[in-house]
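data21.cif follows (mmCIF, C-alpha atoms):
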data_coords
loop_
_atom_site.label_atom_id
_atom_site.label_comp_id
_atom_site.auth_asym_id
_atom_site.auth_seq_id
_atom_site.Cartn_x
_atom_site.Cartn_y
_atom_site.Cartn_z
CA MET A 299 -1.81 21.40 30.70
CA LEU A 300 -1.83 25.21 30.64
CA ARG A 301 -3.08 25.20 27.05
CA CYS A 302 -6.04 23.01 27.94
CA LYS A 303 -7.09 25.12 30.88
CA LEU A 304 -6.88 28.51 29.18
CA PRO A 305 -10.30 30.13 29.49
CA ALA A 306 -11.92 31.32 26.27
CA ALA A 307 -11.71 34.93 27.43
CA THR A 308 -7.91 34.65 27.65
CA VAL A 309 -7.70 33.24 24.13
CA MET A 310 -9.85 36.09 22.86
CA ALA A 311 -7.73 38.62 24.70
CA VAL A 312 -4.58 37.17 23.11
CA CYS A 313 -6.26 37.36 19.72
CA ILE A 314 -7.13 41.00 20.21
CA LEU A 315 -3.61 41.79 21.44
CA ILE A 316 -1.89 40.25 18.40
CA GLY A 317 -4.63 41.51 16.13
CA ALA A 318 -4.64 38.40 13.97
CA CYS A 319 -7.91 36.69 14.62
CA GLY A 320 -10.26 39.41 13.51
CA SER A 321 -8.36 40.90 10.61
CA GLU A 322 -7.45 37.62 8.87
CA PRO A 323 -10.24 35.14 9.34
CA GLN A 324 -9.23 31.54 8.73
CA PRO A 325 -10.56 30.20 5.42
CA PRO A 326 -13.27 27.58 5.98
CA LEU A 327 -11.40 24.84 4.06
CA VAL A 328 -7.68 24.22 4.60
CA ALA A 329 -5.47 21.58 2.99
CA THR A 330 -2.40 20.20 4.80
CA ASP A 331 0.14 17.38 4.33
CA ILE A 332 -0.26 17.50 0.56
CA VAL A 333 1.61 14.65 -1.16
CA ILE A 334 1.17 14.40 -4.92
CA ILE A 335 3.12 11.38 -6.11
CA GLU A 336 5.23 11.72 -9.24
CA ALA A 337 3.73 9.65 -12.06
CA MET A 338 5.73 6.52 -12.74
CA PRO A 339 7.63 6.26 -16.01
CA GLY A 340 5.25 5.59 -18.87
CA LYS A 341 2.14 5.99 -16.72
CA GLN A 342 -0.60 8.52 -17.44
CA MET A 343 -1.95 8.61 -13.91
CA THR A 344 -0.88 9.00 -10.32
CA ALA A 345 -2.30 9.47 -6.84
CA GLY A 346 -2.47 12.40 -4.42
CA TYR A 347 -2.91 12.41 -0.67
CA LEU A 348 -3.77 15.25 1.74
CA SER A 349 -5.81 16.28 4.75
CA LEU A 350 -8.78 18.62 4.32
CA THR A 351 -10.04 20.50 7.36
CA ASN A 352 -13.39 22.21 7.49
CA HIS A 353 -13.02 25.05 10.01
CA SER A 354 -16.56 26.28 9.51
CA ASN A 355 -19.68 25.38 11.43
CA ALA A 356 -21.40 23.96 8.36
CA ALA A 357 -20.64 20.87 6.29
CA ILE A 358 -18.64 21.46 3.09
CA SER A 359 -19.26 19.39 0.00
CA ILE A 360 -16.54 18.98 -2.64
CA THR A 361 -18.06 18.09 -5.99
CA ASN A 362 -15.10 18.69 -8.28
CA VAL A 363 -11.31 18.84 -8.18
CA SER A 364 -9.32 20.26 -11.07
CA SER A 365 -5.72 20.98 -11.96
CA PRO A 366 -4.14 22.70 -14.97
CA GLU A 367 -1.39 20.04 -14.80
CA PHE A 368 -3.83 17.16 -15.39
CA GLU A 369 -6.68 16.62 -17.83
CA SER A 370 -8.77 15.07 -15.10
CA VAL A 371 -8.71 14.78 -11.30
CA GLU A 372 -11.14 12.54 -9.45
CA ILE A 373 -11.63 11.54 -5.85
CA HIS A 374 -11.43 7.77 -5.51
CA GLU A 375 -11.58 5.35 -2.65
CA SER A 376 -9.63 2.12 -2.38
CA LEU A 377 -11.66 -0.50 -0.59
CA LEU A 378 -10.71 -3.88 0.77
CA ASP A 379 -13.80 -6.04 0.36
CA ASP A 380 -13.27 -9.56 1.71
CA GLY A 381 -9.63 -9.55 0.60
CA VAL A 382 -10.38 -7.98 -2.78
CA ALA A 383 -8.94 -4.54 -3.57
CA LYS A 384 -11.46 -2.31 -5.34
CA MET A 385 -11.44 1.30 -6.39
CA ARG A 386 -14.58 3.40 -6.59
CA ARG A 387 -15.12 7.01 -7.58
CA ILE A 388 -16.52 9.43 -5.01
CA THR A 389 -18.57 12.11 -6.79
CA GLU A 390 -19.23 14.18 -3.69
CA LEU A 391 -16.93 14.39 -0.69
CA SER A 392 -18.70 15.83 2.34
CA ILE A 393 -16.62 17.20 5.20
CA PRO A 394 -18.66 17.72 8.36
CA ALA A 395 -18.37 20.98 10.32
CA ASN A 396 -15.09 21.40 12.22
CA THR A 397 -13.76 18.08 10.98
CA THR A 398 -10.64 16.89 9.18
CA ILE A 399 -10.82 14.24 6.47
CA THR A 400 -7.59 12.50 5.49
CA LEU A 401 -7.03 11.22 1.98
CA GLU A 402 -4.40 8.51 2.44
CA ARG A 403 -2.84 5.39 0.94
CA GLY A 404 -5.26 2.50 0.79
CA GLY A 405 -8.24 4.79 1.44
CA LYS A 406 -9.73 7.88 -0.14
CA HIS A 407 -7.27 9.55 -2.52
CA LEU A 408 -7.01 11.82 -5.52
CA MET A 409 -6.55 10.12 -8.85
CA LEU A 410 -4.80 12.50 -11.25
CA MET A 411 -5.03 11.46 -14.87
CA ARG A 412 -3.25 12.38 -18.10
CA PRO A 413 -0.61 15.01 -17.26
CA THR A 414 -0.75 18.06 -19.54
CA GLY A 415 2.97 18.84 -19.31
CA THR A 416 6.11 18.27 -17.31
CA SER A 417 5.63 20.78 -14.49
CA SER A 418 7.38 20.05 -11.20
CA GLN A 419 4.50 21.62 -9.28
CA VAL A 420 0.81 20.90 -9.26
CA THR A 421 -2.07 23.29 -8.56
CA LEU A 422 -5.27 21.80 -7.19
CA SER A 423 -8.62 23.58 -7.03
CA PHE A 424 -11.42 22.18 -4.92
CA GLN A 425 -14.89 23.23 -5.98
CA SER A 426 -18.39 22.94 -4.65
CA GLY A 427 -20.68 23.35 -7.62
CA ASP A 428 -19.51 26.50 -9.40
CA SER A 429 -17.66 28.07 -6.47
CA THR A 430 -14.00 27.41 -5.79
CA LEU A 431 -13.43 26.60 -2.12
CA LEU A 432 -9.67 26.33 -2.14
CA SER A 433 -6.64 26.41 -4.43
CA VAL A 434 -3.32 24.97 -3.34
CA ARG A 435 0.04 24.45 -5.01
CA ALA A 436 2.46 21.66 -4.12
CA PRO A 437 5.56 20.02 -5.58
CA PHE A 438 5.48 16.45 -6.86
CA THR A 439 6.85 13.90 -4.38
CA PRO A 440 9.03 11.03 -5.64
CA ARG A 441 7.38 7.71 -4.82
CA ASN A 442 10.39 6.20 -3.13
CA ASN A 443 10.47 8.76 -0.35
CA MET B 42 16.01 -22.43 57.61
CA GLY B 43 19.62 -21.22 57.84
CA PRO B 44 21.07 -18.62 55.46
CA LYS B 45 22.92 -21.36 53.52
CA ASN B 46 19.74 -23.38 52.99
CA LEU B 47 17.84 -20.23 51.99
CA LEU B 48 20.46 -19.38 49.36
CA PHE B 49 20.31 -22.96 48.05
CA ALA B 50 16.51 -22.75 47.81
CA ILE B 51 16.70 -19.45 45.90
CA VAL B 52 19.29 -20.81 43.46
CA LEU B 53 17.30 -24.01 42.92
CA GLY B 54 14.07 -22.08 42.48
CA SER B 55 15.62 -19.68 39.93
CA ALA B 56 17.16 -22.54 37.99
CA LEU B 57 13.79 -24.31 37.80
CA ALA B 58 12.04 -21.15 36.67
CA ALA B 59 14.70 -20.53 34.01
CA GLY B 60 14.42 -24.14 32.83
CA VAL B 61 10.63 -23.93 32.48
CA PHE B 62 10.98 -20.59 30.65
CA VAL B 63 13.51 -21.94 28.13
CA ALA B 64 11.52 -25.15 27.58
CA THR B 65 8.34 -23.16 26.85
CA LYS B 66 10.23 -20.89 24.47
CA LEU B 67 11.77 -23.80 22.59
CA ASN B 68 8.52 -25.74 22.23
CA ARG B 69 6.50 -22.85 20.90
CA PRO B 70 7.15 -22.02 17.23
CA PRO B 71 7.79 -18.31 16.63
CA GLU B 72 4.50 -16.53 16.05
CA LEU B 73 3.67 -14.89 12.75
CA GLN B 74 2.22 -11.37 12.74
CA THR B 75 0.13 -11.33 9.55
CA GLY B 76 1.64 -14.16 7.52
CA PHE B 77 -0.10 -17.52 7.27
CA ILE B 78 1.64 -20.78 6.44
CA VAL B 79 -0.39 -23.02 4.14
CA PRO B 80 -0.59 -26.45 5.85
CA LEU B 81 -0.12 -28.36 2.58
CA PRO B 82 1.94 -26.40 0.03
CA ASN B 83 0.41 -26.40 -3.46
CA ALA B 84 2.45 -26.96 -6.61
CA LEU B 85 1.86 -24.31 -9.26
CA PRO B 86 -0.28 -25.36 -12.24
CA ASP B 87 1.00 -25.88 -15.76
CA PHE B 88 0.93 -22.41 -17.31
CA SER B 89 2.77 -20.38 -19.90
CA LEU B 90 3.23 -16.61 -19.63
CA LEU B 91 5.80 -13.89 -20.41
CA ASP B 92 8.26 -11.90 -18.32
CA GLN B 93 8.97 -8.18 -18.84
CA SER B 94 11.56 -9.01 -21.53
CA GLY B 95 9.14 -11.25 -23.41
CA GLY B 96 10.83 -14.44 -22.14
CA LEU B 97 8.87 -17.55 -21.15
CA VAL B 98 7.51 -17.78 -17.60
CA ASN B 99 6.17 -21.12 -16.38
CA ALA B 100 6.11 -23.12 -13.14
CA ASP B 101 9.88 -23.73 -13.41
CA THR B 102 10.50 -19.96 -13.23
CA PHE B 103 9.37 -20.16 -9.60
CA ARG B 104 11.86 -22.87 -8.61
CA GLY B 105 15.17 -22.09 -6.98
CA GLN B 106 14.29 -19.00 -4.93
CA TRP B 107 11.62 -17.65 -2.61
CA ASP B 108 9.09 -15.41 -4.36
CA LEU B 109 6.61 -12.83 -3.07
CA VAL B 110 3.83 -12.72 -5.64
CA PHE B 111 1.33 -9.88 -5.92
CA PHE B 112 -1.46 -9.63 -8.47
CA GLY B 113 -2.20 -6.14 -9.76
CA PHE B 114 -2.07 -3.83 -12.76
CA THR B 115 -0.03 -0.82 -13.74
CA ASN B 116 -2.98 1.57 -14.20
CA CYS B 117 -3.75 1.27 -10.50
CA PRO B 118 -2.52 4.41 -8.72
CA ASP B 119 -2.97 3.55 -5.05
CA ILE B 120 -3.09 -0.07 -3.82
CA CYS B 121 -0.69 -1.62 -6.36
CA PRO B 122 2.24 0.82 -6.12
CA THR B 123 1.77 1.09 -2.35
CA THR B 124 1.97 -2.69 -2.02
CA LEU B 125 5.01 -2.97 -4.29
CA GLN B 126 6.69 -0.23 -2.29
CA VAL B 127 5.97 -2.11 0.95
CA LEU B 128 7.48 -5.28 -0.55
CA ALA B 129 10.52 -3.41 -1.89
CA ASN B 130 11.11 -1.69 1.48
CA ALA B 131 10.68 -4.97 3.39
CA ARG B 132 13.14 -6.65 1.04
CA ARG B 133 15.66 -3.84 1.56
CA GLU B 134 15.27 -4.10 5.35
CA LEU B 135 15.88 -7.86 5.20
CA ILE B 136 19.06 -7.26 3.20
CA ASP B 137 20.19 -4.52 5.60
CA SER B 138 19.58 -6.78 8.60
CA GLY B 139 21.90 -9.40 7.09
CA ALA B 140 19.26 -11.97 6.14
CA THR B 141 20.79 -14.75 4.04
CA THR B 142 17.52 -15.58 2.28
CA VAL B 143 15.79 -12.71 0.51
CA PRO B 144 12.74 -13.25 -1.70
CA ARG B 145 12.22 -11.98 -5.23
CA ILE B 146 9.28 -9.63 -5.85
CA VAL B 147 6.86 -10.73 -8.58
CA LEU B 148 3.96 -8.74 -10.04
CA VAL B 149 1.49 -10.81 -12.05
CA SER B 150 -0.70 -8.52 -14.15
CA VAL B 151 -4.47 -8.95 -13.91
CA ASP B 152 -4.76 -6.54 -16.86
CA PRO B 153 -2.73 -8.28 -19.60
CA GLU B 154 -4.69 -6.31 -22.23
CA ARG B 155 -2.92 -3.06 -21.28
CA ASP B 156 0.10 -4.45 -19.42
CA THR B 157 2.38 -5.52 -22.25
CA PRO B 158 5.80 -6.87 -21.20
CA GLU B 159 7.30 -3.44 -21.94
CA VAL B 160 4.73 -1.50 -19.87
CA LEU B 161 5.04 -3.99 -17.02
CA GLY B 162 8.84 -3.86 -17.20
CA GLN B 163 8.96 -0.08 -16.73
CA TYR B 164 6.67 -0.51 -13.74
CA VAL B 165 8.37 -3.36 -11.86
CA ASN B 166 11.88 -2.04 -12.56
CA TYR B 167 10.85 1.24 -10.91
CA PHE B 168 10.62 -0.63 -7.60
CA GLY B 169 14.11 -2.07 -7.78
CA GLU B 170 16.34 -4.43 -9.72
CA GLY B 171 15.64 -8.12 -9.99
CA ASN B 172 11.86 -7.84 -9.79
CA LEU B 173 9.85 -10.10 -12.09
CA GLY B 174 6.83 -8.90 -14.06
CA VAL B 175 4.49 -11.54 -15.45
CA THR B 176 1.90 -10.98 -18.18
CA GLY B 177 0.69 -12.74 -21.32
CA THR B 178 -2.67 -14.08 -22.43
CA LEU B 179 -5.76 -13.70 -20.27
CA GLU B 180 -6.15 -17.49 -20.40
CA GLY B 181 -2.61 -18.01 -19.14
CA ILE B 182 -3.16 -15.54 -16.27
CA LYS B 183 -6.45 -17.22 -15.37
CA THR B 184 -4.81 -20.67 -15.27
CA LEU B 185 -2.38 -19.33 -12.67
CA THR B 186 -4.82 -17.22 -10.63
CA GLY B 187 -7.52 -19.91 -10.73
CA ALA B 188 -5.21 -22.51 -9.21
CA LEU B 189 -4.09 -20.07 -6.51
CA GLY B 190 -7.55 -18.84 -5.55
CA ILE B 191 -6.85 -15.31 -6.78
CA TYR B 192 -9.90 -13.38 -7.95
CA PHE B 193 -9.93 -10.54 -10.45
CA GLU B 194 -12.57 -8.84 -12.52
CA LYS B 195 -12.80 -5.71 -14.68
CA SER B 196 -14.75 -2.84 -13.19
CA PRO B 197 -15.95 -0.13 -15.62
CA THR B 198 -15.12 3.54 -14.92
CA ASP B 199 -16.25 6.76 -16.63
CA ASP B 200 -13.41 6.66 -19.13
CA GLY B 201 -12.25 3.06 -19.23
CA TYR B 202 -11.94 0.35 -16.62
CA GLY B 203 -10.15 -0.65 -13.46
CA VAL B 204 -9.63 -4.17 -12.18
CA ASP B 205 -10.82 -5.45 -8.81
CA HIS B 206 -8.35 -8.04 -7.59
CA SER B 207 -7.35 -10.11 -4.57
CA ALA B 208 -4.91 -8.05 -2.54
CA ALA B 209 -3.03 -10.93 -0.88
CA VAL B 210 0.71 -11.47 -1.34
CA LEU B 211 1.54 -15.14 -1.91
CA VAL B 212 4.80 -16.77 -0.90
CA ILE B 213 6.18 -19.39 -3.31
CA ASN B 214 8.91 -21.61 -1.89
CA PRO B 215 12.04 -22.71 -3.82
CA ASP B 216 10.26 -25.96 -4.80
CA GLY B 217 7.81 -23.80 -6.72
CA GLU B 218 4.98 -24.38 -4.25
CA PHE B 219 2.52 -21.86 -2.85
CA SER B 220 3.44 -22.19 0.82
CA ALA B 221 2.30 -19.05 2.68
CA LEU B 222 0.35 -15.87 2.23
CA PHE B 223 -0.02 -12.38 3.62
CA SER B 224 -3.48 -10.78 3.65
CA ALA B 225 -3.95 -7.05 3.04
CA PRO B 226 -3.47 -4.45 4.42
CA HIS B 227 0.27 -4.98 4.05
CA LEU B 228 2.82 -3.66 6.55
CA ILE B 229 6.59 -3.55 6.07
CA ALA B 230 7.23 -4.63 9.67
CA SER B 231 5.09 -7.77 9.32
CA PHE B 232 7.00 -8.93 6.24
CA VAL B 233 10.34 -8.22 7.92
CA HIS B 234 9.23 -10.16 11.02
CA ASP B 235 7.41 -13.06 9.36
CA LEU B 236 9.43 -13.81 6.23
CA PRO B 237 12.55 -15.15 8.01
CA ILE B 238 10.27 -17.50 10.00
CA ILE B 239 8.41 -18.64 6.86
CA MET B 240 11.67 -19.07 4.94
CA GLY B 241 13.32 -20.89 7.86
CA ASP B 242 15.93 -18.19 8.19
CA ASP B 243 15.16 -16.84 11.67
#

Could I get this file's structure written as structure tokens?
Amino acid sequence: MLRCKLPAATVMAVCILIGACGSEPQPPLVATDIVIIEAMPGKQMTAGYLSLTNHSNAAISITNVSSPEFESVEIHESLLDDGVAKMRRITELSIPANTTITLERGGKHLMLMRPTGTSSQVTLSFQSGDSTLLSVRAPFTPRNN
Amino acid sequence: MGPKNLLFAIVLGSALAAGVFVATKLNRPPELQTGFIVPLPNALPDFSLLDQSGGLVNADTFRGQWDLVFFGFTNCPDICPTTLQVLANARRELIDSGATTVPRIVLVSVDPERDTPEVLGQYVNYFGEGNLGVTGTLEGIKTLTGALGIYFEKSPTDDGYGVDHSAAVLVINPDGEFSALFSAPHLIASFVHDLPIIMGDD
């Protein structure tokens, strides 16, 4: 209750007191709950799930995802169309201002193809055109967890 | 009305209410969450395919146990492994809850071109022991899927192809008949709740 009723001035005052808000501005795009599934034995592809939050006041468009651990990373969407499971590539993922988009099982997800090695970690870079918006590193998650 | 009569009325009233409650409960079959029982079970067609060891799979393979059959392919990173994981977890929960009847999990490949018995074996074995992988000729697969109303079709991608496919899980009874189905999206809890009712083990 208290949190909801805090006036903006109080929040600002707290920010100034701890000195965090001004000196370290939050990056516009933040990734959370990153789950990159370990590829199954013999398979050259796997899926990744995460939440992407756009903290800025303008829409962010992701046009490319890359990883040194995979030859190719694409954003795909699983669709259920009249009982038929389909998968379609998304070439541009737009995240509206101040909005979180969740890439999850049975919906939008990362498709990571052709691993380049046997690393236990994966680095993902999200780009918009030529500029890199965000780079994150996460361990692989066993599927049976 | 004296206190004795009042007590008698309360006891009689409660007994009646309890009787009506029990009668209603007994007459109503347990409700399924997402499962659907096929009114007239269908016998499987005459088909000939291979299991993950290269052994023959035909209609007789589906006799003698309950089977949960999903149609998918191993180059599918999201829907197929998620569904198999749901089935494997539901199966484990049934075992843990002491169910006497536990179905086998079957994956029928809709991409026999890439899913050789060996490839399919690695895949289905990953989700637990005792699972059955079915592949073979495209004609053999189509004989089975056609009779069961399962749709699948290749869908080209930038560097190859995927396969669109019906996402339902079919239940085959021990007489080898298609007797129930679960429509996607699939939930562990629905399988754990509905399967004992479908298999007559509730």

Once the PyMOL selection byres ((chain A) within 12 of (chain B)) has been applied to the shown file, what residues remain in the selection, as a short mmCIF file (atom, residue, chain, number, x, y, z; two decimals) with C-alpha atoms, in the frame of the given file?
data_model
loop_
_atom_site.label_atom_id
_atom_site.label_comp_id
_atom_site.auth_asym_id
_atom_site.auth_seq_id
_atom_site.Cartn_x
_atom_site.Cartn_y
_atom_site.Cartn_z
CA ILE A 334 1.17 14.40 -4.92
CA ILE A 335 3.12 11.38 -6.11
CA GLU A 336 5.23 11.72 -9.24
CA ALA A 337 3.73 9.65 -12.06
CA MET A 338 5.73 6.52 -12.74
CA PRO A 339 7.63 6.26 -16.01
CA GLY A 340 5.25 5.59 -18.87
CA LYS A 341 2.14 5.99 -16.72
CA GLN A 342 -0.60 8.52 -17.44
CA MET A 343 -1.95 8.61 -13.91
CA THR A 344 -0.88 9.00 -10.32
CA ALA A 345 -2.30 9.47 -6.84
CA GLY A 346 -2.47 12.40 -4.42
CA TYR A 347 -2.91 12.41 -0.67
CA SER A 370 -8.77 15.07 -15.10
CA GLU A 372 -11.14 12.54 -9.45
CA ILE A 373 -11.63 11.54 -5.85
CA HIS A 374 -11.43 7.77 -5.51
CA GLU A 375 -11.58 5.35 -2.65
CA SER A 376 -9.63 2.12 -2.38
CA LEU A 377 -11.66 -0.50 -0.59
CA LEU A 378 -10.71 -3.88 0.77
CA ASP A 379 -13.80 -6.04 0.36
CA ASP A 380 -13.27 -9.56 1.71
CA GLY A 381 -9.63 -9.55 0.60
CA VAL A 382 -10.38 -7.98 -2.78
CA ALA A 383 -8.94 -4.54 -3.57
CA LYS A 384 -11.46 -2.31 -5.34
CA MET A 385 -11.44 1.30 -6.39
CA ARG A 386 -14.58 3.40 -6.59
CA ARG A 387 -15.12 7.01 -7.58
CA ILE A 388 -16.52 9.43 -5.01
CA THR A 389 -18.57 12.11 -6.79
CA LEU A 401 -7.03 11.22 1.98
CA GLU A 402 -4.40 8.51 2.44
CA ARG A 403 -2.84 5.39 0.94
CA GLY A 404 -5.26 2.50 0.79
CA GLY A 405 -8.24 4.79 1.44
CA LYS A 406 -9.73 7.88 -0.14
CA HIS A 407 -7.27 9.55 -2.52
CA LEU A 408 -7.01 11.82 -5.52
CA MET A 409 -6.55 10.12 -8.85
CA LEU A 410 -4.80 12.50 -11.25
CA MET A 411 -5.03 11.46 -14.87
CA ARG A 412 -3.25 12.38 -18.10
CA PRO A 440 9.03 11.03 -5.64
CA ARG A 441 7.38 7.71 -4.82
CA ASN A 442 10.39 6.20 -3.13
CA ASN A 443 10.47 8.76 -0.35
#

Kindly resolve the PyMOL selection byres ((chain B and resi 133) around 12) on the present coordinates and return the residues as number ranges by chain.
B: 126-132, 134-140, 142-146, 168-170, 229-230, 232-233

Selected by the PyMOL selection byres ((chain A and resi 396) around 8) in the shown coordinates: which residues, as number ranges by chain?
A: 351-356, 394-395, 397-398

Non-local contacts of Leu148 (chain B) (10 Å; only C-alpha atoms; under 4 positions in same chain excluded) as a ChimeraX atom specification:
/B:92,109-115,121,125,161-162,164-165,172-176,210

Could you save the residues just selected, with C-alpha atoms, as a PDB file, in the frame of the given file?
ATOM      1  CA  ASP B  92       8.260 -11.900 -18.320  1.00  0.00           C
ATOM      2  CA  LEU B 109       6.610 -12.830  -3.070  1.00  0.00           C
ATOM      3  CA  VAL B 110       3.830 -12.720  -5.640  1.00  0.00           C
ATOM      4  CA  PHE B 111       1.330  -9.880  -5.920  1.00  0.00           C
ATOM      5  CA  PHE B 112      -1.460  -9.630  -8.470  1.00  0.00           C
ATOM      6  CA  GLY B 113      -2.200  -6.140  -9.760  1.00  0.00           C
ATOM      7  CA  PHE B 114      -2.070  -3.830 -12.760  1.00  0.00           C
ATOM      8  CA  THR B 115      -0.030  -0.820 -13.740  1.00  0.00           C
ATOM      9  CA  CYS B 121      -0.690  -1.620  -6.360  1.00  0.00           C
ATOM     10  CA  LEU B 125       5.010  -2.970  -4.290  1.00  0.00           C
ATOM     11  CA  LEU B 161       5.040  -3.990 -17.020  1.00  0.00           C
ATOM     12  CA  GLY B 162       8.840  -3.860 -17.200  1.00  0.00           C
ATOM     13  CA  TYR B 164       6.670  -0.510 -13.740  1.00  0.00           C
ATOM     14  CA  VAL B 165       8.370  -3.360 -11.860  1.00  0.00           C
ATOM     15  CA  ASN B 172      11.860  -7.840  -9.790  1.00  0.00           C
ATOM     16  CA  LEU B 173       9.850 -10.100 -12.090  1.00  0.00           C
ATOM     17  CA  GLY B 174       6.830  -8.900 -14.060  1.00  0.00           C
ATOM     18  CA  VAL B 175       4.490 -11.540 -15.450  1.00  0.00           C
ATOM     19  CA  THR B 176       1.900 -10.980 -18.180  1.00  0.00           C
ATOM     20  CA  VAL B 210       0.710 -11.470  -1.340  1.00  0.00           C
TER      21      VAL B 210
END

Mind checking which residues fall within 9 Å of region 414-423 of chain A, counting only C-alpha atoms, ignoring those fewer than 3 positions away in the same chain, and posting them as a list of chain:residue names?
A:Ile334, A:Glu336, A:Asn362, A:Val363, A:Ser364, A:Ser365, A:Pro366, A:Glu367, A:Phe368, A:Glu369, A:Val371, A:Thr430, A:Leu431, A:Leu432, A:Ser433, A:Val434, A:Arg435, A:Ala436, A:Pro437, A:Phe438
